[in-house]
$ cat entry_29.cif   # mmCIF, C-alpha atoms
data_data
#
loop_
_atom_site.label_atom_id
_atom_site.label_comp_id
_atom_site.auth_asym_id
_atom_site.auth_seq_id
_atom_site.Cartn_x
_atom_site.Cartn_y
_atom_site.Cartn_z
CA MET A 1 0.00 0.00 0.00
CA GLN A 2 1.30 3.43 -0.94
CA LEU A 3 1.18 6.37 1.45
CA ASP A 4 -0.45 8.70 -1.09
CA ASP A 5 -3.18 6.13 -1.72
CA LEU A 6 -3.89 5.80 2.01
CA ARG A 7 -3.96 9.60 2.34
CA ALA A 8 -6.39 9.89 -0.58
CA PHE A 9 -8.63 7.20 0.89
CA ALA A 10 -8.64 8.93 4.30
CA ARG A 11 -9.82 12.17 2.68
CA ILE A 12 -12.51 10.33 0.70
CA ALA A 13 -13.69 8.68 3.91
CA ASP A 14 -13.71 12.02 5.75
CA LEU A 15 -15.64 13.88 3.07
CA LEU A 16 -17.54 11.02 1.35
CA SER A 17 -16.72 12.60 -1.98
CA VAL A 18 -13.93 11.99 -4.49
CA SER A 19 -14.25 15.56 -5.80
CA ALA A 20 -14.08 17.07 -2.33
CA ALA A 21 -11.06 14.92 -1.45
CA ALA A 22 -9.31 16.11 -4.61
CA ARG A 23 -9.96 19.74 -3.69
CA ALA A 24 -8.78 19.19 -0.12
CA LEU A 25 -5.53 17.61 -1.32
CA SER A 26 -5.10 20.06 -4.23
CA VAL A 27 -4.77 17.28 -6.82
CA PRO A 28 -6.85 16.34 -9.88
CA LYS A 29 -9.95 14.23 -9.31
CA SER A 30 -8.52 11.61 -11.66
CA SER A 31 -5.50 11.19 -9.38
CA ILE A 32 -7.74 10.51 -6.39
CA SER A 33 -9.78 7.98 -8.38
CA ARG A 34 -6.61 6.17 -9.48
CA SER A 35 -5.31 6.13 -5.89
CA LEU A 36 -8.55 4.60 -4.65
CA ALA A 37 -8.58 1.96 -7.39
CA ARG A 38 -4.94 1.07 -6.73
CA LEU A 39 -5.54 0.78 -2.99
CA GLU A 40 -8.57 -1.46 -3.54
CA ARG A 41 -6.43 -3.71 -5.74
CA ASP A 42 -3.72 -3.83 -3.08
CA VAL A 43 -6.10 -4.80 -0.26
CA GLY A 44 -8.21 -7.06 -2.47
CA ALA A 45 -11.53 -5.50 -1.41
CA THR A 46 -13.91 -2.73 -2.37
CA LEU A 47 -13.49 0.15 0.09
CA VAL A 48 -16.10 2.61 -1.18
CA ASP A 49 -19.60 1.77 -2.42
CA ARG A 50 -20.30 3.90 -5.48
CA SER A 51 -23.62 2.24 -6.38
CA THR A 52 -25.75 4.71 -4.42
CA ARG A 53 -26.26 8.41 -5.06
CA HIS A 54 -23.87 9.24 -2.23
CA LEU A 55 -20.63 7.46 -1.48
CA ARG A 56 -20.43 5.26 1.58
CA LEU A 57 -17.73 3.09 3.06
CA THR A 58 -17.99 -0.67 2.79
CA ASP A 59 -17.21 -2.86 5.79
CA ALA A 60 -13.64 -3.13 4.53
CA GLY A 61 -13.46 0.66 4.14
CA VAL A 62 -14.73 1.20 7.69
CA ALA A 63 -12.10 -1.23 8.99
CA LEU A 64 -9.25 0.41 7.06
CA TYR A 65 -10.19 4.05 7.68
CA PRO A 66 -8.78 4.56 11.23
CA HIS A 67 -5.49 2.93 10.22
CA ALA A 68 -5.19 5.03 7.06
CA LEU A 69 -5.95 8.19 9.03
CA ARG A 70 -3.43 7.36 11.74
CA ILE A 71 -0.71 6.65 9.18
CA ALA A 72 -1.37 9.93 7.36
CA VAL A 73 -1.35 11.91 10.61
CA ASP A 74 1.81 10.18 11.86
CA VAL A 75 3.64 10.98 8.63
CA ASP A 76 2.52 14.62 8.80
CA GLU A 77 3.70 14.82 12.43
CA ALA A 78 7.06 13.32 11.48
CA ALA A 79 7.50 15.85 8.69
CA ALA A 80 6.53 18.68 11.04
CA ALA A 81 9.02 17.50 13.66
CA LEU A 82 11.85 17.30 11.12
CA ASP A 83 11.00 20.72 9.71
CA GLY A 84 11.03 22.08 13.23
CA LEU A 85 14.46 20.62 13.91
CA ALA A 86 15.80 21.91 10.63
CA GLY A 87 14.18 25.30 11.16
CA VAL A 88 13.09 25.35 7.52
CA ALA A 89 9.62 26.60 6.63
CA ARG A 90 8.46 24.77 3.52
CA GLY A 91 5.44 23.10 1.96
CA THR A 92 1.77 24.00 1.66
CA LEU A 93 0.22 25.88 4.58
CA ARG A 94 -3.57 25.64 4.63
CA VAL A 95 -5.32 28.20 6.83
CA SER A 96 -9.08 28.31 7.58
CA LEU A 97 -10.33 31.80 8.50
CA PRO A 98 -13.37 34.10 8.23
CA PHE A 99 -13.74 36.42 5.23
CA THR A 100 -13.32 39.67 7.19
CA VAL A 101 -10.13 38.44 8.89
CA ALA A 102 -8.76 37.25 5.54
CA VAL A 103 -9.40 40.57 3.79
CA ALA A 104 -8.54 43.02 6.55
CA LEU A 105 -5.81 41.30 8.58
CA VAL A 106 -4.18 38.32 6.86
CA SER A 107 -4.06 39.05 3.13
CA PRO A 108 -2.22 42.38 3.57
CA MET A 109 0.67 40.64 5.35
CA LEU A 110 1.05 37.84 2.78
CA PRO A 111 3.38 39.64 0.31
CA ALA A 112 6.02 40.20 2.99
CA PHE A 113 5.50 36.71 4.43
CA LEU A 114 5.92 35.00 1.04
CA ALA A 115 9.00 37.07 0.26
CA ALA A 116 10.56 35.99 3.56
CA ASN A 117 9.47 32.34 3.17
CA PRO A 118 9.75 31.46 -0.52
CA GLU A 119 9.39 27.70 0.08
CA VAL A 120 5.95 28.06 1.69
CA ARG A 121 2.79 27.88 -0.43
CA VAL A 122 -0.24 29.44 1.33
CA VAL A 123 -3.83 28.28 0.79
CA LEU A 124 -6.50 30.41 2.51
CA ASP A 125 -9.79 28.54 3.01
CA VAL A 126 -12.14 31.48 3.60
CA GLU A 127 -14.92 30.05 5.76
CA ASN A 128 -16.26 30.19 9.29
CA ARG A 129 -17.53 26.66 9.86
CA PHE A 130 -16.48 24.08 12.42
CA ILE A 131 -13.17 22.46 11.47
CA ASP A 132 -12.44 18.97 12.79
CA MET A 133 -8.70 19.06 13.35
CA PRO A 134 -6.66 17.03 12.53
CA VAL A 135 -9.14 15.00 10.47
CA GLU A 136 -9.44 17.79 7.90
CA PRO A 137 -6.28 18.81 6.03
CA VAL A 138 -5.94 22.23 7.70
CA ASP A 139 -2.74 23.39 9.39
CA LEU A 140 -4.12 26.43 11.18
CA VAL A 141 -7.56 27.83 12.02
CA ILE A 142 -8.19 31.51 12.82
CA ARG A 143 -11.46 32.31 14.58
CA VAL A 144 -13.15 35.37 16.08
CA GLY A 145 -14.96 35.32 19.42
CA ALA A 146 -15.38 32.76 22.18
CA LEU A 147 -13.92 29.31 21.54
CA PRO A 148 -15.53 25.99 22.47
CA ASP A 149 -13.75 23.73 24.93
CA SER A 150 -11.32 21.39 23.19
CA ASP A 151 -7.83 19.92 23.45
CA LEU A 152 -6.56 22.28 20.74
CA ILE A 153 -3.99 24.99 21.37
CA ALA A 154 -5.38 28.53 20.97
CA ARG A 155 -2.90 31.39 20.57
CA ARG A 156 -4.41 34.84 20.96
CA LEU A 157 -3.45 37.02 18.00
CA MET A 158 -5.21 40.24 18.98
CA ILE A 159 -8.18 41.77 20.80
CA SER A 160 -10.61 43.75 18.69
CA GLU A 161 -12.94 46.41 20.11
CA THR A 162 -16.34 47.05 18.53
CA TRP A 163 -17.10 50.67 17.58
CA THR A 164 -20.59 52.04 17.03
CA CYS A 165 -20.39 54.01 13.80
CA ALA A 166 -22.40 55.87 11.16
CA SER A 167 -21.55 58.01 8.16
CA PRO A 168 -21.63 61.83 8.39
CA ALA A 169 -24.31 61.87 5.66
CA TYR A 170 -26.56 59.53 7.65
CA LEU A 171 -26.16 61.57 10.84
CA ALA A 172 -26.81 64.81 8.97
CA ALA A 173 -30.06 63.39 7.58
CA ARG A 174 -31.29 61.51 10.67
CA GLY A 175 -29.58 63.27 13.55
CA THR A 176 -26.93 62.03 15.98
CA PRO A 177 -28.31 59.88 18.81
CA ALA A 178 -27.42 61.47 22.12
CA SER A 179 -28.16 58.34 24.14
CA VAL A 180 -29.00 54.69 23.75
CA ALA A 181 -32.71 55.49 24.02
CA ASP A 182 -32.47 57.50 20.80
CA LEU A 183 -31.46 54.42 18.80
CA GLY A 184 -35.12 53.44 18.48
CA ASP A 185 -35.52 56.28 15.97
CA HIS A 186 -32.67 55.09 13.76
CA THR A 187 -31.89 52.43 11.16
CA LEU A 188 -29.70 49.86 12.88
CA ILE A 189 -27.58 47.25 11.12
CA ALA A 190 -26.62 43.98 12.82
CA TYR A 191 -25.09 40.57 12.14
CA SER A 192 -28.07 38.33 12.82
CA ASP A 193 -31.78 38.38 12.09
CA ARG A 194 -32.98 38.40 15.68
CA ALA A 195 -33.52 40.84 18.52
CA THR A 196 -30.18 42.36 19.52
CA THR A 197 -29.15 44.34 22.59
CA TRP A 198 -26.90 47.37 22.22
CA GLY A 199 -25.45 49.88 24.62
CA PRO A 200 -22.84 52.64 24.42
CA GLY A 201 -20.20 50.49 26.09
CA PRO A 202 -19.23 46.83 26.57
CA ALA A 203 -21.78 44.31 27.79
CA GLY A 204 -22.05 44.06 31.56
CA ASP A 205 -20.90 47.62 32.25
CA GLY A 206 -24.21 48.60 33.86
CA VAL A 207 -25.06 51.38 31.38
CA GLU A 208 -28.40 51.77 29.63
CA ARG A 209 -29.00 49.29 26.81
CA VAL A 210 -31.68 48.90 24.14
CA GLU A 211 -33.08 45.82 22.41
CA PHE A 212 -34.05 46.12 18.76
CA LEU A 213 -34.80 44.12 15.62
CA PRO A 214 -32.28 45.29 12.99
CA ALA A 215 -33.53 46.96 9.82
CA VAL A 216 -30.59 45.52 7.85
CA VAL A 217 -28.86 42.19 8.50
CA VAL A 218 -25.37 41.49 7.13
CA SER A 219 -23.55 38.38 8.34
CA ASP A 220 -19.98 39.56 7.70
CA SER A 221 -18.27 42.78 8.80
CA ALA A 222 -16.49 43.26 5.48
CA ALA A 223 -19.86 43.28 3.72
CA LEU A 224 -21.40 45.45 6.43
CA LEU A 225 -18.81 48.24 6.11
CA PRO A 226 -19.93 49.51 2.65
CA VAL A 227 -23.53 49.71 3.89
CA VAL A 228 -22.48 51.97 6.75
CA LEU A 229 -20.16 54.06 4.58
CA GLY A 230 -23.01 54.55 2.11
CA GLY A 231 -25.29 56.00 4.77
CA GLY A 232 -27.37 52.87 5.33
CA GLY A 233 -27.56 53.18 9.10
CA ILE A 234 -25.73 52.73 12.40
CA ALA A 235 -23.65 49.58 12.98
CA ARG A 236 -21.10 48.11 15.32
CA LEU A 237 -17.83 47.40 13.52
CA PRO A 238 -14.53 45.85 14.62
CA ASP A 239 -11.96 48.55 15.22
CA PHE A 240 -9.58 47.13 12.60
CA LEU A 241 -12.22 47.90 9.95
CA ALA A 242 -13.55 51.14 11.42
CA ALA A 243 -10.31 52.89 12.45
CA ALA A 244 -9.24 54.11 9.00
CA PRO A 245 -12.65 55.51 7.87
CA VAL A 246 -13.12 57.14 11.29
CA ALA A 247 -9.66 58.72 11.08
CA ASP A 248 -10.28 60.17 7.61
CA GLY A 249 -13.81 61.35 8.38
CA ARG A 250 -15.81 58.87 6.31
CA LEU A 251 -17.34 57.47 9.51
CA VAL A 252 -18.20 58.95 12.89
CA ARG A 253 -17.69 56.88 16.03
CA LEU A 254 -20.55 57.30 18.53
CA TRP A 255 -19.89 57.40 22.29
CA PRO A 256 -16.13 56.73 22.00
CA ARG A 257 -15.47 57.39 25.70
CA HIS A 258 -17.52 54.35 26.67
CA GLY A 259 -15.44 51.87 24.67
CA GLY A 260 -17.01 48.78 23.15
CA ASP A 261 -17.20 45.01 23.46
CA LEU A 262 -13.81 43.27 23.29
CA ILE A 263 -13.52 40.28 20.96
CA ASP A 264 -10.60 37.84 20.88
CA ILE A 265 -9.07 36.59 17.64
CA HIS A 266 -7.19 33.30 18.02
CA ALA A 267 -4.98 31.04 15.96
CA ILE A 268 -5.81 27.39 16.68
CA TYR A 269 -3.85 24.22 15.96
CA PRO A 270 -3.89 20.61 17.24
CA SER A 271 -2.16 20.14 20.56
CA ARG A 272 -0.87 16.67 19.64
CA HIS A 273 0.97 17.86 16.55
CA SER A 274 4.51 19.09 16.63
CA LEU A 275 4.37 22.73 15.60
CA SER A 276 5.84 22.75 12.11
CA ALA A 277 8.18 25.48 10.96
CA LYS A 278 5.66 26.74 8.39
CA VAL A 279 2.95 27.17 11.05
CA ARG A 280 5.35 28.72 13.54
CA VAL A 281 6.71 31.34 11.14
CA PHE A 282 3.19 32.18 9.93
CA ILE A 283 1.95 32.79 13.49
CA ASP A 284 5.07 34.84 14.25
CA ALA A 285 4.46 36.93 11.12
CA LEU A 286 0.84 37.54 12.14
CA LEU A 287 1.83 38.60 15.64
CA ALA A 288 4.38 41.02 14.21
CA TRP A 289 1.88 42.42 11.70
CA LEU A 290 -1.19 42.81 13.89
CA PRO A 291 -1.61 45.64 16.41
CA GLU A 292 0.25 45.28 19.67
CA VAL A 293 -2.25 44.07 22.27
CA ASP A 294 -2.40 42.11 25.51
CA ARG A 295 -2.09 38.52 24.23
CA ARG A 296 -1.95 36.75 27.59
#

$ encode --input "entry_29.cif" --output "C-alpha cells"
Amino acid sequence: MQLDDLRAFARIADLLSVSAAARALSVPKSSISRSLARLERDVGATLVDRSTRHLRLTDAGVALYPHALRIAVDVDEAAAALDGLAGVARGTLRVSLPFTVAVALVSPMLPAFLAANPEVRVVLDVENRFIDMPVEPVDLVIRVGALPDSDLIARRLMISETWTCASPAYLAARGTPASVADLGDHTLIAYSDRATTWGPGPAGDGVERVEFLPAVVVSDSAALLPVVLGGGGIARLPDFLAAAPVADGRLVRLWPRHGGDLIDIHAIYPSRHSLSAKVRVFIDALLAWLPEVDRR
C-alpha cells in the first residue's frame, strides 16, 4: 500500500466525496480515483460503495479508515518535527479563517511573508464553519470570538474592540443619537436576524441598553462596512475595519469614551501535533503584523 493512496482514501472517507477529497488535497480528481482503485487492488476488497447516489464506506473501508488516518497523521507529524528541527519553513500551509479576517488582517501581510518564506505555499480557506482538526487537512484555524472547549492549542493574536459608527451623511439626515434610548428612531444594522441588545459600552458595564430588531442584517463585517459608509444606518464594527474611515472622516464613532465590546481573535492548531516550521513562522508573522495588544 502506498502512502499517497492511504492519504487519498482517508480524505474520501472524511468527506464522502472523491471531488471534495481532490480539492482538499489540491490534486486532480482523476489522481484521487486512481489512488482509490490502486488501494482497492492492493487490499483485495472494495473500500467505497459507489452504487448509491452518495458514497459510503464498505465494511472493509470502515475497517481500514482509522489505520489510514493514523498513518497519514503520523507521517505529517514526522515531517513537522523534522521541519522544526531543521528550522526550515516549507510546503503547503492551509489556513481556515473568516472572510473579514482574511481581507482586513491576513491578506495584507502575505506579500512580505511570502517574500521571507519562498518555500511556503499558502492556501486560505475562507470560511467560518467548524473544522475537525486534525481530520481535515488544515494546518491552522483563525477564529473570532469565544472558543468551544477542546484539546486544541489557541494562541491569541489580537483583541478587537467594537465601535458604534455611522456616516456623516446619515447623521446629517437623521440626527446624531445622544443616548441609547435615541437608537429606536434610527436604522440599525446587525449581524443576525434576531432581537439584539446594544449599549454605548461593553456588555455588563451597567449602562443603559436597548433591544431592537435590525432593519438591515449582514452576516460579515467586510460586507457590512460599505452599507455603513453609504449612509445605510448605524452599525457596530470591529476597530480594525472602522479605524481608517473614522480617522479620515468617512465614519463617525458614537460614544467613544464608553469603549465597546472586546472580541478575541485566536490562531488554533492541534495540541498533539509538533508545531511545524511553516505554522510557527506564519503565526510569528501575524503577531508582528497585527496591532500590539495584551495577548496573555

$ resolve_selection --input "entry_29.cif" --expression "the PyMOL selection byres ((chain A and resi 44-52) around 12)" --output "ChimeraX atom specification"
/A:1,6,9-10,12-14,16-18,33,35-43,53-65,68

$ atom_distance --input "entry_29.cif" --atom1 "CA of Leu225 in chain A" --atom2 "CA of Asp139 in chain A"
29.8 Å

$ atom_distance --input "entry_29.cif" --atom1 "CA of Arg90 in chain A" --atom2 "CA of Glu119 in chain A"
4.6 Å

$ resolve_selection --input "entry_29.cif" --expression "the PyMOL selection byres ((chain A and resi 146) around 8)" --output "PyMOL selection string"
chain A and resi 144-145+147-148+263-264

$ write_last_selection --input "entry_29.cif" --atoms "C-alpha atoms" --output "PDB file, in the coordinates of the input"
ATOM      1  CA  VAL A 144     -13.150  35.370  16.080  1.00  0.00           C
ATOM      2  CA  GLY A 145     -14.960  35.320  19.420  1.00  0.00           C
ATOM      3  CA  LEU A 147     -13.920  29.310  21.540  1.00  0.00           C
ATOM      4  CA  PRO A 148     -15.530  25.990  22.470  1.00  0.00           C
ATOM      5  CA  ILE A 263     -13.520  40.280  20.960  1.00  0.00           C
ATOM      6  CA  ASP A 264     -10.600  37.840  20.880  1.00  0.00           C
TER       7      ASP A 264
END

$ closest_residue --input "entry_29.cif" --among "A:Val218, A:Val227, A:Ile71, A:Leu124" --to "Val141 in chain A" --atoms "all atoms listed in the file"
A:Leu124

$ atom_distance --input "entry_29.cif" --atom1 "CA of Gly230 in chain A" --atom2 "CA of Met109 in chain A"
27.7 Å

$ resolve_selection --input "entry_29.cif" --expression "the PyMOL selection byres ((chain A and resi 118) around 12)" --output "PyMOL selection string"
chain A and resi 88-92+110-117+119-122+278

$ closest_atom_pairs --input "entry_29.cif" --of "range 78-185 of chain A" --to "range 232-255 of chain A" --cutoff "8 Å" --atoms "all atoms listed in the file" --output "JSON lines"
{"residue": "A:Ala104", "atom": "CA", "partner": "A:Leu241", "partner_atom": "CA", "distance": 7.0}
{"residue": "A:Ser160", "atom": "CA", "partner": "A:Pro238", "partner_atom": "CA", "distance": 6.0}
{"residue": "A:Glu161", "atom": "CA", "partner": "A:Asp239", "partner_atom": "CA", "distance": 5.4}
{"residue": "A:Thr162", "atom": "CA", "partner": "A:Pro238", "partner_atom": "CA", "distance": 4.5}
{"residue": "A:Trp163", "atom": "CA", "partner": "A:Arg236", "partner_atom": "CA", "distance": 5.3}
{"residue": "A:Thr164", "atom": "CA", "partner": "A:Arg236", "partner_atom": "CA", "distance": 4.3}
{"residue": "A:Cys165", "atom": "CA", "partner": "A:Arg253", "partner_atom": "CA", "distance": 4.5}
{"residue": "A:Ala166", "atom": "CA", "partner": "A:Ile234", "partner_atom": "CA", "distance": 4.7}
{"residue": "A:Ser167", "atom": "CA", "partner": "A:Leu251", "partner_atom": "CA", "distance": 4.5}
{"residue": "A:Pro168", "atom": "CA", "partner": "A:Leu251", "partner_atom": "CA", "distance": 6.2}
{"residue": "A:Tyr170", "atom": "CA", "partner": "A:Gly233", "partner_atom": "CA", "distance": 6.6}

$ residues_around --input "entry_29.cif" --residues "Ala154 in chain A" --least-positions-apart "2" --cutoff "10 Å" --atoms "only C-alpha atoms" --output "number ranges by chain"
A: 141-143, 147, 150-152, 156-157, 265-271

$ closest_residue --input "entry_29.cif" --among "A:Val103, A:Ala8, A:Leu140, A:Ala20" --to "Arg34 in chain A" --atoms "only C-alpha atoms"
A:Ala8

$ closest_residue --input "entry_29.cif" --among "A:Leu15, A:Leu287, A:Leu224, A:Leu69" --to "Thr100 in chain A" --atoms "only C-alpha atoms"
A:Leu224

$ closest_residue --input "entry_29.cif" --among "A:Leu171, A:Val101, A:Ile153, A:Leu183" --to "Ser221 in chain A" --atoms "all atoms listed in the file"
A:Val101
